[in-house]
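Below: the structure, in structure tokens.
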Amino acid sequence: MRPGVVVALQANLKALNLANVARNVEVLLRQAKEGGMGCEEFLLELTEAELQARAESRLHRRIKESKFGLLKPVETFDFEAVPELDIRLFRSLLEASYIPERRNVIFLGRSGTGKTHMATALGIEACRRNYRTRFVTCYGLVNELVEARQERTLQRLIQKYVRYDLLILDELGYIPFSKEGSELLFQVLAERHEKGSVIITTNLGFADWTQVFGDPTMTAALLDRLTHKAHIIQCSWQSYRLKQSLRPQRGRRIEKPTEPSGTAMGERAEEAPSGEDSMGP
Ligand code: ADP
Ligand code: MG
């Protein structure tokens with residue numbers, strides 16, 4: 001190859017906004033030569049490398065913008081632990097077609113049943129499909145709205161929350177709102193109605209929502225909008241953590257104090273997945 005060709009090629013690739021390929025072109029060229037690759041195959045490799053790098057950086061950007069509390073993907077969700085879950089429905093939700101259909105998803109159930117984990121997993125899948133997603137606790141959103149009203153930026157903030165393709169509202173009902181707070185939250189949800197999907201996680205049954213929102217007429221109107229075209233997932237099982245701690249510890253022995261620590265390590269590896277916060281591939 002003529003000297004300077006690679007340098008010129010890299011400059012051209014950068015000028016064409018193909019920075020990822022520009023960075024890797026030398027390695028790709030070497031691999032192509034060593035593998036006896038034809039021109040068509042080489043170009044295909046090159047374009048695929050660029051597309052993949054772009055998809056990865058878009059996913060990172062979407063995930064960062066979503067502000068998930070903990071990054072819990074579906075890969076760390078243990079389906080065997082929740083046989084009562086309608087897995088077919090949940091798997092179809094992971095495909096995210098409820099988003100263009102502007103349908104909502106409501107997770108109802110006690111604390112620890114995996115509602116936040118499932119909502120986050122759906123959010124991560126939405127990011128993978130390039131949907132603008134935002135995760136926020138109800139309490140956090142209400143505080144933001146109240147502050148924005150004081151600073152006279154309420155309309156701008158409401159419009160921001162209306163524009164997301166998917167809004168995940170975590171923990172409805174954990175903390176009751178002030179009258180102002182519930183009106184503001186109602187305003188966001190009313191404005192989003194049929195414009196974008198909402199996922200809500202709550203420990204309250206629908207009958208108890210008036211306790212949180214105060215006004216029965218407003219609550220009825222809100223429920224009517226939210227549940228219209230919604231997928232409702234009743235998490236009626238026990239808390240995951242509680243279940244794990246009550247589970248008979250298979251293969252556990254009472255350790256003698258003198259036993260080498262390696263044995264204990266080996267046993268720990270047999271424990272159920274903790275669902276910790278690593279991202280999947
Ligand atoms: P909730 O929001 O219903 O209170 P979380 O989603 O916060 O419950 O779950 C509590 C903890 O248990 C989290 O660490 C979560 O990752 C884990 N967890 C719950 N259900 C499962 C499951 N089926 N598989 C793996 N981890 C789970
Ligand atoms: Mg939760």
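Chain lettering (A, B, ...) mirrors the order of the structure tokens, residue numbering begins at 1 for each chain separately, and ligand numbering begins at 1 in order of display.
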What's around segment 156-161 of chain A at 10 Å? Count only C-alpha atoms, leave out sequence neighbours fewer than 6 positions away in its own chain, and write the answer as a PDB file with N, CA, C and O atoms, in the first residue's frame.
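Okay, this is what ended up in selection06.pdb:
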```
ATOM      1  N   THR A 133     -36.650   7.908  26.936  1.00  0.00           N
ATOM      2  CA  THR A 133     -37.225   7.329  28.145  1.00  0.00           C
ATOM      3  C   THR A 133     -36.817   8.161  29.348  1.00  0.00           C
ATOM      4  O   THR A 133     -35.725   8.729  29.370  1.00  0.00           O
ATOM      5  N   ARG A 134     -37.695   8.237  30.344  1.00  0.00           N
ATOM      6  CA  ARG A 134     -37.327   8.916  31.579  1.00  0.00           C
ATOM      7  C   ARG A 134     -37.903   8.171  32.766  1.00  0.00           C
ATOM      8  O   ARG A 134     -39.079   7.846  32.788  1.00  0.00           O
ATOM      9  N   LEU A 141     -40.730  13.622  40.959  1.00  0.00           N
ATOM     10  CA  LEU A 141     -41.395  14.408  39.908  1.00  0.00           C
ATOM     11  C   LEU A 141     -42.245  15.509  40.533  1.00  0.00           C
ATOM     12  O   LEU A 141     -42.205  16.664  40.090  1.00  0.00           O
ATOM     13  N   GLU A 144     -40.124  18.297  41.699  1.00  0.00           N
ATOM     14  CA  GLU A 144     -39.630  19.080  40.559  1.00  0.00           C
ATOM     15  C   GLU A 144     -40.713  20.020  40.038  1.00  0.00           C
ATOM     16  O   GLU A 144     -40.440  21.177  39.709  1.00  0.00           O
ATOM     17  N   LEU A 145     -41.950  19.520  39.991  1.00  0.00           N
ATOM     18  CA  LEU A 145     -43.061  20.314  39.462  1.00  0.00           C
ATOM     19  C   LEU A 145     -43.375  21.488  40.385  1.00  0.00           C
ATOM     20  O   LEU A 145     -43.584  22.618  39.919  1.00  0.00           O
ATOM     21  N   ALA A 148     -40.722  24.041  39.973  1.00  0.00           N
ATOM     22  CA  ALA A 148     -40.830  24.726  38.681  1.00  0.00           C
ATOM     23  C   ALA A 148     -41.946  25.772  38.723  1.00  0.00           C
ATOM     24  O   ALA A 148     -41.818  26.851  38.144  1.00  0.00           O
ATOM     25  N   ARG A 149     -43.030  25.438  39.434  1.00  0.00           N
ATOM     26  CA  ARG A 149     -44.111  26.432  39.525  1.00  0.00           C
ATOM     27  C   ARG A 149     -43.617  27.679  40.259  1.00  0.00           C
ATOM     28  O   ARG A 149     -43.872  28.792  39.831  1.00  0.00           O
ATOM     29  N   LEU A 167     -42.485   7.428  29.913  1.00  0.00           N
ATOM     30  CA  LEU A 167     -42.238   7.992  31.241  1.00  0.00           C
ATOM     31  C   LEU A 167     -42.495   6.892  32.272  1.00  0.00           C
ATOM     32  O   LEU A 167     -43.571   6.299  32.292  1.00  0.00           O
ATOM     33  N   LEU A 184     -50.555  18.859  40.165  1.00  0.00           N
ATOM     34  CA  LEU A 184     -49.489  19.004  39.155  1.00  0.00           C
ATOM     35  C   LEU A 184     -49.182  17.654  38.479  1.00  0.00           C
ATOM     36  O   LEU A 184     -48.998  17.591  37.265  1.00  0.00           O
ATOM     37  N   LEU A 185     -49.155  16.596  39.282  1.00  0.00           N
ATOM     38  CA  LEU A 185     -48.905  15.276  38.709  1.00  0.00           C
ATOM     39  C   LEU A 185     -50.052  14.894  37.764  1.00  0.00           C
ATOM     40  O   LEU A 185     -49.828  14.365  36.664  1.00  0.00           O
ATOM     41  N   GLN A 187     -51.799  16.940  36.078  1.00  0.00           N
ATOM     42  CA  GLN A 187     -51.631  17.736  34.849  1.00  0.00           C
ATOM     43  C   GLN A 187     -50.667  17.059  33.870  1.00  0.00           C
ATOM     44  O   GLN A 187     -50.946  16.958  32.683  1.00  0.00           O
ATOM     45  N   VAL A 188     -49.532  16.560  34.404  1.00  0.00           N
ATOM     46  CA  VAL A 188     -48.547  15.875  33.535  1.00  0.00           C
ATOM     47  C   VAL A 188     -49.188  14.646  32.892  1.00  0.00           C
ATOM     48  O   VAL A 188     -49.092  14.438  31.684  1.00  0.00           O
ATOM     49  N   LEU A 189     -49.871  13.853  33.713  1.00  0.00           N
ATOM     50  CA  LEU A 189     -50.442  12.606  33.192  1.00  0.00           C
ATOM     51  C   LEU A 189     -51.586  12.883  32.224  1.00  0.00           C
ATOM     52  O   LEU A 189     -51.724  12.194  31.212  1.00  0.00           O
ATOM     53  N   GLU A 191     -51.832  15.519  30.323  1.00  0.00           N
ATOM     54  CA  GLU A 191     -51.240  16.015  29.069  1.00  0.00           C
ATOM     55  C   GLU A 191     -50.592  14.900  28.256  1.00  0.00           C
ATOM     56  O   GLU A 191     -50.539  14.951  27.044  1.00  0.00           O
ATOM     57  N   ARG A 192     -50.055  13.906  28.962  1.00  0.00           N
ATOM     58  CA  ARG A 192     -49.411  12.803  28.237  1.00  0.00           C
ATOM     59  C   ARG A 192     -50.426  11.832  27.637  1.00  0.00           C
ATOM     60  O   ARG A 192     -50.082  11.050  26.769  1.00  0.00           O
ATOM     61  N   GLY A 196     -48.094   9.654  24.831  1.00  0.00           N
ATOM     62  CA  GLY A 196     -46.927   8.823  25.137  1.00  0.00           C
ATOM     63  C   GLY A 196     -47.253   7.851  26.251  1.00  0.00           C
ATOM     64  O   GLY A 196     -48.188   8.074  27.022  1.00  0.00           O
TER      65      GLY A 196
END
```
**Report entry** Selection as a VMD selection string: residues within 6 Å of ligand 1 by only C-alpha atoms and all ligand atoms
**Finding:** chain A and resid 76 to 79 81 to 82 111 to 117 240 to 241 275
Take the residues from that selection and write them out as a short mmCIF file (atom, residue, chain, number, x, y, z; two decimals), in the first residue's frame, keeping all heavy atoms.
```
data_model
loop_
_atom_site.label_atom_id
_atom_site.label_comp_id
_atom_site.auth_asym_id
_atom_site.auth_seq_id
_atom_site.Cartn_x
_atom_site.Cartn_y
_atom_site.Cartn_z
N THR A 76 -30.94 -9.85 34.46
CA THR A 76 -30.73 -10.20 35.87
C THR A 76 -32.06 -10.50 36.57
O THR A 76 -32.09 -10.65 37.79
CB THR A 76 -29.99 -9.09 36.64
OG1 THR A 76 -30.79 -7.91 36.61
CG2 THR A 76 -28.63 -8.80 36.04
N PHE A 77 -33.15 -10.55 35.81
CA PHE A 77 -34.45 -10.85 36.41
C PHE A 77 -34.68 -12.36 36.40
O PHE A 77 -34.57 -13.00 35.35
CB PHE A 77 -35.56 -10.11 35.67
CG PHE A 77 -36.87 -10.15 36.41
CD1 PHE A 77 -37.08 -9.33 37.51
CD2 PHE A 77 -37.88 -11.01 36.02
CE1 PHE A 77 -38.27 -9.36 38.21
CE2 PHE A 77 -39.09 -11.05 36.71
CZ PHE A 77 -39.29 -10.22 37.81
N ASP A 78 -34.98 -12.90 37.56
CA ASP A 78 -35.14 -14.35 37.71
C ASP A 78 -36.63 -14.69 37.53
O ASP A 78 -37.43 -14.51 38.44
CB ASP A 78 -34.62 -14.71 39.12
CG ASP A 78 -34.80 -16.17 39.45
OD1 ASP A 78 -35.24 -16.94 38.58
OD2 ASP A 78 -34.48 -16.54 40.61
N PHE A 79 -36.98 -15.17 36.35
CA PHE A 79 -38.39 -15.47 36.04
C PHE A 79 -38.89 -16.66 36.85
O PHE A 79 -40.07 -16.75 37.17
CB PHE A 79 -38.58 -15.72 34.54
CG PHE A 79 -38.51 -14.46 33.72
CD1 PHE A 79 -37.32 -14.06 33.13
CD2 PHE A 79 -39.62 -13.66 33.56
CE1 PHE A 79 -37.26 -12.89 32.39
CE2 PHE A 79 -39.58 -12.49 32.83
CZ PHE A 79 -38.39 -12.10 32.24
N ALA A 81 -38.40 -17.27 39.81
CA ALA A 81 -38.79 -16.87 41.16
C ALA A 81 -40.22 -16.32 41.19
O ALA A 81 -40.79 -16.16 42.26
CB ALA A 81 -37.82 -15.81 41.68
N VAL A 82 -40.77 -16.00 40.01
CA VAL A 82 -42.12 -15.41 39.98
C VAL A 82 -43.01 -16.17 38.99
O VAL A 82 -43.41 -15.63 37.97
CB VAL A 82 -42.07 -13.89 39.65
CG1 VAL A 82 -41.59 -13.10 40.83
CG2 VAL A 82 -41.19 -13.62 38.45
N SER A 111 -44.31 -4.22 48.33
CA SER A 111 -42.90 -3.86 48.25
C SER A 111 -42.05 -5.13 48.07
O SER A 111 -42.35 -6.16 48.67
CB SER A 111 -42.54 -3.14 49.54
OG SER A 111 -41.21 -2.79 49.51
N GLY A 112 -41.03 -5.03 47.23
CA GLY A 112 -40.07 -6.13 47.08
C GLY A 112 -40.46 -7.17 46.05
O GLY A 112 -39.77 -8.18 45.88
N THR A 113 -41.57 -6.95 45.34
CA THR A 113 -42.03 -7.96 44.38
C THR A 113 -41.37 -7.81 43.01
O THR A 113 -41.69 -8.56 42.08
CB THR A 113 -43.57 -7.93 44.25
OG1 THR A 113 -43.99 -6.58 44.04
CG2 THR A 113 -44.25 -8.49 45.48
N GLY A 114 -40.52 -6.81 42.87
CA GLY A 114 -39.77 -6.66 41.61
C GLY A 114 -40.38 -5.65 40.64
O GLY A 114 -40.01 -5.60 39.47
N LYS A 115 -41.28 -4.82 41.13
CA LYS A 115 -41.95 -3.85 40.25
C LYS A 115 -40.95 -2.87 39.63
O LYS A 115 -40.95 -2.63 38.42
CB LYS A 115 -43.03 -3.05 41.02
CG LYS A 115 -44.10 -3.92 41.65
CD LYS A 115 -45.15 -3.10 42.36
CE LYS A 115 -44.64 -2.25 43.51
NZ LYS A 115 -44.07 -3.04 44.64
N THR A 116 -40.07 -2.32 40.49
CA THR A 116 -39.10 -1.35 39.98
C THR A 116 -38.12 -2.04 39.02
O THR A 116 -37.77 -1.48 37.98
CB THR A 116 -38.34 -0.69 41.15
OG1 THR A 116 -39.30 -0.05 41.98
CG2 THR A 116 -37.33 0.34 40.66
N HIS A 117 -37.73 -3.27 39.38
CA HIS A 117 -36.81 -4.02 38.51
C HIS A 117 -37.45 -4.23 37.13
O HIS A 117 -36.83 -3.97 36.10
CB HIS A 117 -36.47 -5.36 39.18
CG HIS A 117 -35.34 -6.10 38.54
ND1 HIS A 117 -34.45 -6.84 39.25
CD2 HIS A 117 -34.97 -6.22 37.24
CE1 HIS A 117 -33.57 -7.40 38.42
NE2 HIS A 117 -33.88 -7.04 37.18
N TYR A 240 -39.43 -10.68 46.80
CA TYR A 240 -38.34 -11.52 46.27
C TYR A 240 -37.28 -11.77 47.34
O TYR A 240 -36.84 -12.89 47.56
CB TYR A 240 -37.72 -10.83 45.06
CG TYR A 240 -36.55 -11.56 44.45
CD1 TYR A 240 -36.74 -12.69 43.67
CD2 TYR A 240 -35.25 -11.10 44.63
CE1 TYR A 240 -35.68 -13.35 43.09
CE2 TYR A 240 -34.17 -11.75 44.07
CZ TYR A 240 -34.40 -12.88 43.30
OH TYR A 240 -33.33 -13.53 42.74
N ARG A 241 -36.90 -10.71 48.02
CA ARG A 241 -35.84 -10.84 49.04
C ARG A 241 -36.29 -11.75 50.17
O ARG A 241 -35.54 -12.59 50.64
CB ARG A 241 -35.47 -9.47 49.58
CG ARG A 241 -34.60 -8.70 48.63
CD ARG A 241 -33.95 -7.55 49.37
NE ARG A 241 -33.23 -6.70 48.44
CZ ARG A 241 -33.48 -5.42 48.27
NH1 ARG A 241 -34.43 -4.83 48.95
NH2 ARG A 241 -32.77 -4.71 47.42
N GLY A 275 -29.41 -10.27 41.42
CA GLY A 275 -30.04 -9.21 40.61
C GLY A 275 -29.29 -7.91 40.74
O GLY A 275 -29.88 -6.85 40.80
#
```
Query raised in the report: Between atom CA of Lys179 of chain A and atom CA of Asn143 of chain A, what is the distance, to one decimal in Å?
Result: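 Those two atoms sit 12.5 Å apart.
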Query - Thr219 of chain A surroundings by only C-alpha atoms, 9 Å radius, close-in-sequence under 5 positions cut, as a list in words - result: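 Counting only C-alpha atoms, the residues come to Phe186, Trp209, Thr210, Val212, Phe213, Gly214 and Asp224 of chain A.
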Query raised in the report: Can I get the residues close to ligand 2 as a PyMOL selection string, where close means within 12 Å and we count only C-alpha atoms and all ligand atoms?
Result: chain A and resi 68-70+72+107-120+135-138+168-174+200-203+235+239-240
Report summary line: Taken to one decimal, the atom CA of Tyr139 of chain A-atom CA of Cys127 of chain A distance is 23.2 Å
May I have all residues of segment 31-249 of chain A that DSSP, computed from the backbone, assigns to strand (DSSP E or B), given as a short mmCIF file (atom, residue, chain, number, x, y, z; two decimals) with all heavy atoms, in the first residue's frame?
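Written output follows (result-v7.cif):
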```
data_model
loop_
_atom_site.label_atom_id
_atom_site.label_comp_id
_atom_site.auth_asym_id
_atom_site.auth_seq_id
_atom_site.Cartn_x
_atom_site.Cartn_y
_atom_site.Cartn_z
N ASN A 104 -50.22 2.17 28.30
CA ASN A 104 -49.54 2.28 29.59
C ASN A 104 -49.34 0.89 30.20
O ASN A 104 -50.00 -0.06 29.80
CB ASN A 104 -50.35 3.14 30.55
CG ASN A 104 -50.58 4.53 29.98
OD1 ASN A 104 -49.73 5.05 29.25
ND2 ASN A 104 -51.70 5.13 30.31
N VAL A 105 -48.45 0.83 31.16
CA VAL A 105 -48.24 -0.41 31.92
C VAL A 105 -48.29 -0.04 33.39
O VAL A 105 -47.64 0.92 33.82
CB VAL A 105 -46.87 -1.05 31.59
CG1 VAL A 105 -46.70 -2.37 32.34
CG2 VAL A 105 -46.70 -1.27 30.09
N ILE A 106 -49.08 -0.78 34.15
CA ILE A 106 -49.18 -0.49 35.59
C ILE A 106 -48.81 -1.75 36.37
O ILE A 106 -49.40 -2.81 36.16
CB ILE A 106 -50.61 -0.02 35.96
CG1 ILE A 106 -50.99 1.19 35.09
CG2 ILE A 106 -50.69 0.35 37.45
CD1 ILE A 106 -52.40 1.71 35.31
N PHE A 107 -47.79 -1.62 37.21
CA PHE A 107 -47.40 -2.73 38.09
C PHE A 107 -47.98 -2.46 39.46
O PHE A 107 -47.66 -1.43 40.08
CB PHE A 107 -45.87 -2.80 38.21
CG PHE A 107 -45.17 -3.26 36.96
CD1 PHE A 107 -44.61 -2.34 36.08
CD2 PHE A 107 -45.06 -4.62 36.66
CE1 PHE A 107 -43.96 -2.75 34.93
CE2 PHE A 107 -44.39 -5.04 35.51
CZ PHE A 107 -43.85 -4.11 34.64
N LEU A 108 -48.84 -3.37 39.93
CA LEU A 108 -49.45 -3.22 41.24
C LEU A 108 -48.90 -4.32 42.14
O LEU A 108 -48.84 -5.48 41.71
CB LEU A 108 -50.97 -3.41 41.16
CG LEU A 108 -51.79 -2.50 40.24
CD1 LEU A 108 -53.19 -3.08 40.06
CD2 LEU A 108 -51.88 -1.11 40.81
N GLY A 109 -48.54 -3.97 43.36
CA GLY A 109 -48.10 -5.05 44.26
C GLY A 109 -47.30 -4.54 45.43
O GLY A 109 -46.86 -3.39 45.47
N THR A 133 -36.65 7.91 26.94
CA THR A 133 -37.23 7.33 28.15
C THR A 133 -36.82 8.16 29.35
O THR A 133 -35.73 8.73 29.37
CB THR A 133 -36.70 5.88 28.29
OG1 THR A 133 -37.06 5.16 27.11
CG2 THR A 133 -37.23 5.17 29.50
N ARG A 134 -37.69 8.24 30.34
CA ARG A 134 -37.33 8.92 31.58
C ARG A 134 -37.90 8.17 32.77
O ARG A 134 -39.08 7.85 32.79
CB ARG A 134 -37.85 10.36 31.56
CG ARG A 134 -37.55 11.15 32.81
CD ARG A 134 -36.06 11.33 33.02
NE ARG A 134 -35.77 11.63 34.40
CZ ARG A 134 -35.69 12.87 34.89
NH1 ARG A 134 -35.83 13.90 34.10
NH2 ARG A 134 -35.43 13.07 36.17
N PHE A 135 -37.01 7.88 33.71
CA PHE A 135 -37.40 7.20 34.95
C PHE A 135 -37.37 8.23 36.07
O PHE A 135 -36.38 8.96 36.21
CB PHE A 135 -36.40 6.07 35.23
CG PHE A 135 -36.62 5.33 36.52
CD1 PHE A 135 -37.25 4.10 36.51
CD2 PHE A 135 -36.19 5.85 37.73
CE1 PHE A 135 -37.44 3.40 37.70
CE2 PHE A 135 -36.39 5.17 38.91
CZ PHE A 135 -37.02 3.93 38.90
N VAL A 136 -38.44 8.28 36.84
CA VAL A 136 -38.46 9.24 37.96
C VAL A 136 -39.40 8.70 39.04
O VAL A 136 -40.38 8.02 38.72
CB VAL A 136 -38.87 10.66 37.45
CG1 VAL A 136 -40.31 10.70 36.96
CG2 VAL A 136 -38.66 11.74 38.49
N THR A 137 -39.08 8.95 40.29
CA THR A 137 -40.04 8.54 41.32
C THR A 137 -41.16 9.58 41.33
O THR A 137 -40.93 10.75 40.99
CB THR A 137 -39.40 8.49 42.73
OG1 THR A 137 -38.95 9.79 43.06
CG2 THR A 137 -38.25 7.50 42.81
N LEU A 166 -41.46 7.41 26.62
CA LEU A 166 -41.86 6.56 27.75
C LEU A 166 -41.49 7.26 29.06
O LEU A 166 -40.33 7.63 29.26
CB LEU A 166 -41.13 5.20 27.67
CG LEU A 166 -41.29 4.28 28.88
CD1 LEU A 166 -42.75 3.87 29.07
CD2 LEU A 166 -40.42 3.02 28.72
N LEU A 167 -42.48 7.43 29.91
CA LEU A 167 -42.24 7.99 31.24
C LEU A 167 -42.49 6.89 32.27
O LEU A 167 -43.57 6.30 32.29
CB LEU A 167 -43.18 9.18 31.49
CG LEU A 167 -43.12 9.82 32.87
CD1 LEU A 167 -41.73 10.42 33.15
CD2 LEU A 167 -44.19 10.90 33.03
N ILE A 168 -41.48 6.61 33.10
CA ILE A 168 -41.64 5.60 34.15
C ILE A 168 -41.80 6.31 35.48
O ILE A 168 -40.88 7.01 35.93
CB ILE A 168 -40.44 4.63 34.19
CG1 ILE A 168 -40.23 3.98 32.81
CG2 ILE A 168 -40.65 3.56 35.27
CD1 ILE A 168 -38.99 3.11 32.71
N LEU A 169 -42.95 6.15 36.08
CA LEU A 169 -43.22 6.78 37.38
C LEU A 169 -43.16 5.72 38.46
O LEU A 169 -44.04 4.86 38.55
CB LEU A 169 -44.62 7.39 37.37
CG LEU A 169 -44.76 8.75 36.71
CD1 LEU A 169 -46.19 9.22 36.80
CD2 LEU A 169 -43.84 9.75 37.38
N ASP A 170 -42.11 5.77 39.25
CA ASP A 170 -41.89 4.72 40.23
C ASP A 170 -42.49 5.14 41.58
O ASP A 170 -42.46 6.31 41.94
CB ASP A 170 -40.37 4.48 40.36
CG ASP A 170 -40.05 3.16 41.04
OD1 ASP A 170 -40.84 2.22 40.89
OD2 ASP A 170 -39.01 3.08 41.72
N GLU A 171 -42.98 4.16 42.28
CA GLU A 171 -43.41 4.32 43.68
C GLU A 171 -44.55 5.30 43.89
O GLU A 171 -44.46 6.20 44.71
CB GLU A 171 -42.21 4.75 44.55
CG GLU A 171 -41.11 3.73 44.55
CD GLU A 171 -40.05 4.00 45.60
OE1 GLU A 171 -39.99 5.12 46.11
OE2 GLU A 171 -39.29 3.07 45.87
N LEU A 172 -45.64 5.09 43.16
CA LEU A 172 -46.83 5.88 43.46
C LEU A 172 -47.44 5.34 44.74
O LEU A 172 -47.64 4.12 44.86
CB LEU A 172 -47.84 5.78 42.31
CG LEU A 172 -49.13 6.53 42.57
CD1 LEU A 172 -48.99 7.98 42.13
CD2 LEU A 172 -50.30 5.90 41.85
N SER A 197 -46.47 6.78 26.32
CA SER A 197 -46.73 5.73 27.32
C SER A 197 -46.22 6.11 28.69
O SER A 197 -45.23 6.84 28.82
CB SER A 197 -46.05 4.44 26.90
OG SER A 197 -46.54 4.02 25.66
N VAL A 198 -46.88 5.55 29.69
CA VAL A 198 -46.45 5.73 31.07
C VAL A 198 -46.38 4.34 31.70
O VAL A 198 -47.26 3.51 31.48
CB VAL A 198 -47.47 6.58 31.87
CG1 VAL A 198 -47.01 6.76 33.31
CG2 VAL A 198 -47.68 7.94 31.23
N ILE A 199 -45.32 4.10 32.45
CA ILE A 199 -45.27 2.90 33.30
C ILE A 199 -45.37 3.40 34.73
O ILE A 199 -44.64 4.32 35.12
CB ILE A 199 -43.96 2.11 33.12
CG1 ILE A 199 -43.84 1.56 31.68
CG2 ILE A 199 -43.89 0.95 34.12
CD1 ILE A 199 -42.58 0.75 31.42
N ILE A 200 -46.26 2.82 35.49
CA ILE A 200 -46.39 3.21 36.90
C ILE A 200 -46.15 1.99 37.78
O ILE A 200 -46.64 0.90 37.46
CB ILE A 200 -47.80 3.79 37.18
CG1 ILE A 200 -47.93 5.14 36.46
CG2 ILE A 200 -48.08 3.94 38.67
CD1 ILE A 200 -49.20 5.89 36.74
N THR A 201 -45.39 2.17 38.83
CA THR A 201 -45.31 1.10 39.83
C THR A 201 -45.95 1.63 41.10
O THR A 201 -45.75 2.79 41.47
CB THR A 201 -43.86 0.65 40.15
OG1 THR A 201 -43.27 1.59 41.06
CG2 THR A 201 -42.99 0.53 38.92
N THR A 202 -46.75 0.79 41.72
CA THR A 202 -47.44 1.24 42.93
C THR A 202 -47.74 0.10 43.88
O THR A 202 -47.95 -1.04 43.45
CB THR A 202 -48.76 1.99 42.58
OG1 THR A 202 -49.40 2.37 43.79
CG2 THR A 202 -49.70 1.15 41.75
N ALA A 230 -54.48 0.09 29.02
CA ALA A 230 -53.27 -0.21 29.79
C ALA A 230 -53.09 -1.72 30.01
O ALA A 230 -54.06 -2.47 30.02
CB ALA A 230 -53.34 0.48 31.15
N HIS A 231 -51.84 -2.12 30.14
CA HIS A 231 -51.54 -3.49 30.57
C HIS A 231 -51.36 -3.42 32.09
O HIS A 231 -50.51 -2.66 32.57
CB HIS A 231 -50.24 -3.99 29.95
CG HIS A 231 -50.29 -4.03 28.45
ND1 HIS A 231 -50.96 -5.01 27.77
CD2 HIS A 231 -49.76 -3.20 27.52
CE1 HIS A 231 -50.84 -4.79 26.46
NE2 HIS A 231 -50.11 -3.70 26.28
N ILE A 232 -52.14 -4.20 32.81
CA ILE A 232 -52.05 -4.14 34.27
C ILE A 232 -51.44 -5.44 34.77
O ILE A 232 -51.93 -6.53 34.46
CB ILE A 232 -53.43 -3.87 34.88
CG1 ILE A 232 -53.87 -2.46 34.43
CG2 ILE A 232 -53.39 -3.94 36.41
CD1 ILE A 232 -55.32 -2.16 34.64
N ILE A 233 -50.34 -5.32 35.48
CA ILE A 233 -49.66 -6.52 35.99
C ILE A 233 -49.78 -6.55 37.51
O ILE A 233 -49.25 -5.66 38.20
CB ILE A 233 -48.18 -6.54 35.54
CG1 ILE A 233 -48.14 -6.55 33.99
CG2 ILE A 233 -47.45 -7.74 36.14
CD1 ILE A 233 -46.78 -6.66 33.38
N GLN A 234 -50.51 -7.51 37.98
CA GLN A 234 -50.71 -7.67 39.43
C GLN A 234 -49.58 -8.51 39.98
O GLN A 234 -49.49 -9.70 39.66
CB GLN A 234 -52.04 -8.42 39.69
CG GLN A 234 -53.27 -7.69 39.26
CD GLN A 234 -53.85 -6.84 40.40
OE1 GLN A 234 -53.26 -6.74 41.48
NE2 GLN A 234 -54.99 -6.24 40.13
N CYS A 235 -48.75 -7.93 40.80
CA CYS A 235 -47.63 -8.68 41.40
C CYS A 235 -48.11 -9.18 42.75
O CYS A 235 -47.83 -8.56 43.79
CB CYS A 235 -46.40 -7.80 41.54
SG CYS A 235 -45.96 -6.95 40.02
#
```
Query - All alpha helix (DSSP H) residues (DSSP, backbone) inside segment 96-241 of chain A, as a PyMOL selection string - result: chain A and resi 115-128+138-150+154-163+179-192+209-213+216-227+240-241
Report task. Compare A:Arg102, A:Arg247, A:Arg163, A:Lys14 by their minimum atom-to-atom distance to Leu226 of chain A, counting only C-alpha atoms, and give me the closest one. Result ->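 Of A:Arg102, A:Arg247, A:Arg163, A:Lys14, the one nearest Leu226 of chain A is A:Arg102, counting only C-alpha atoms.
Here the question is which of A:Ile99, A:Leu28, A:Cys39, A:Val21 gets nearest to Lys195 of chain A using only C-alpha atoms, and that residue is A:Ile99.
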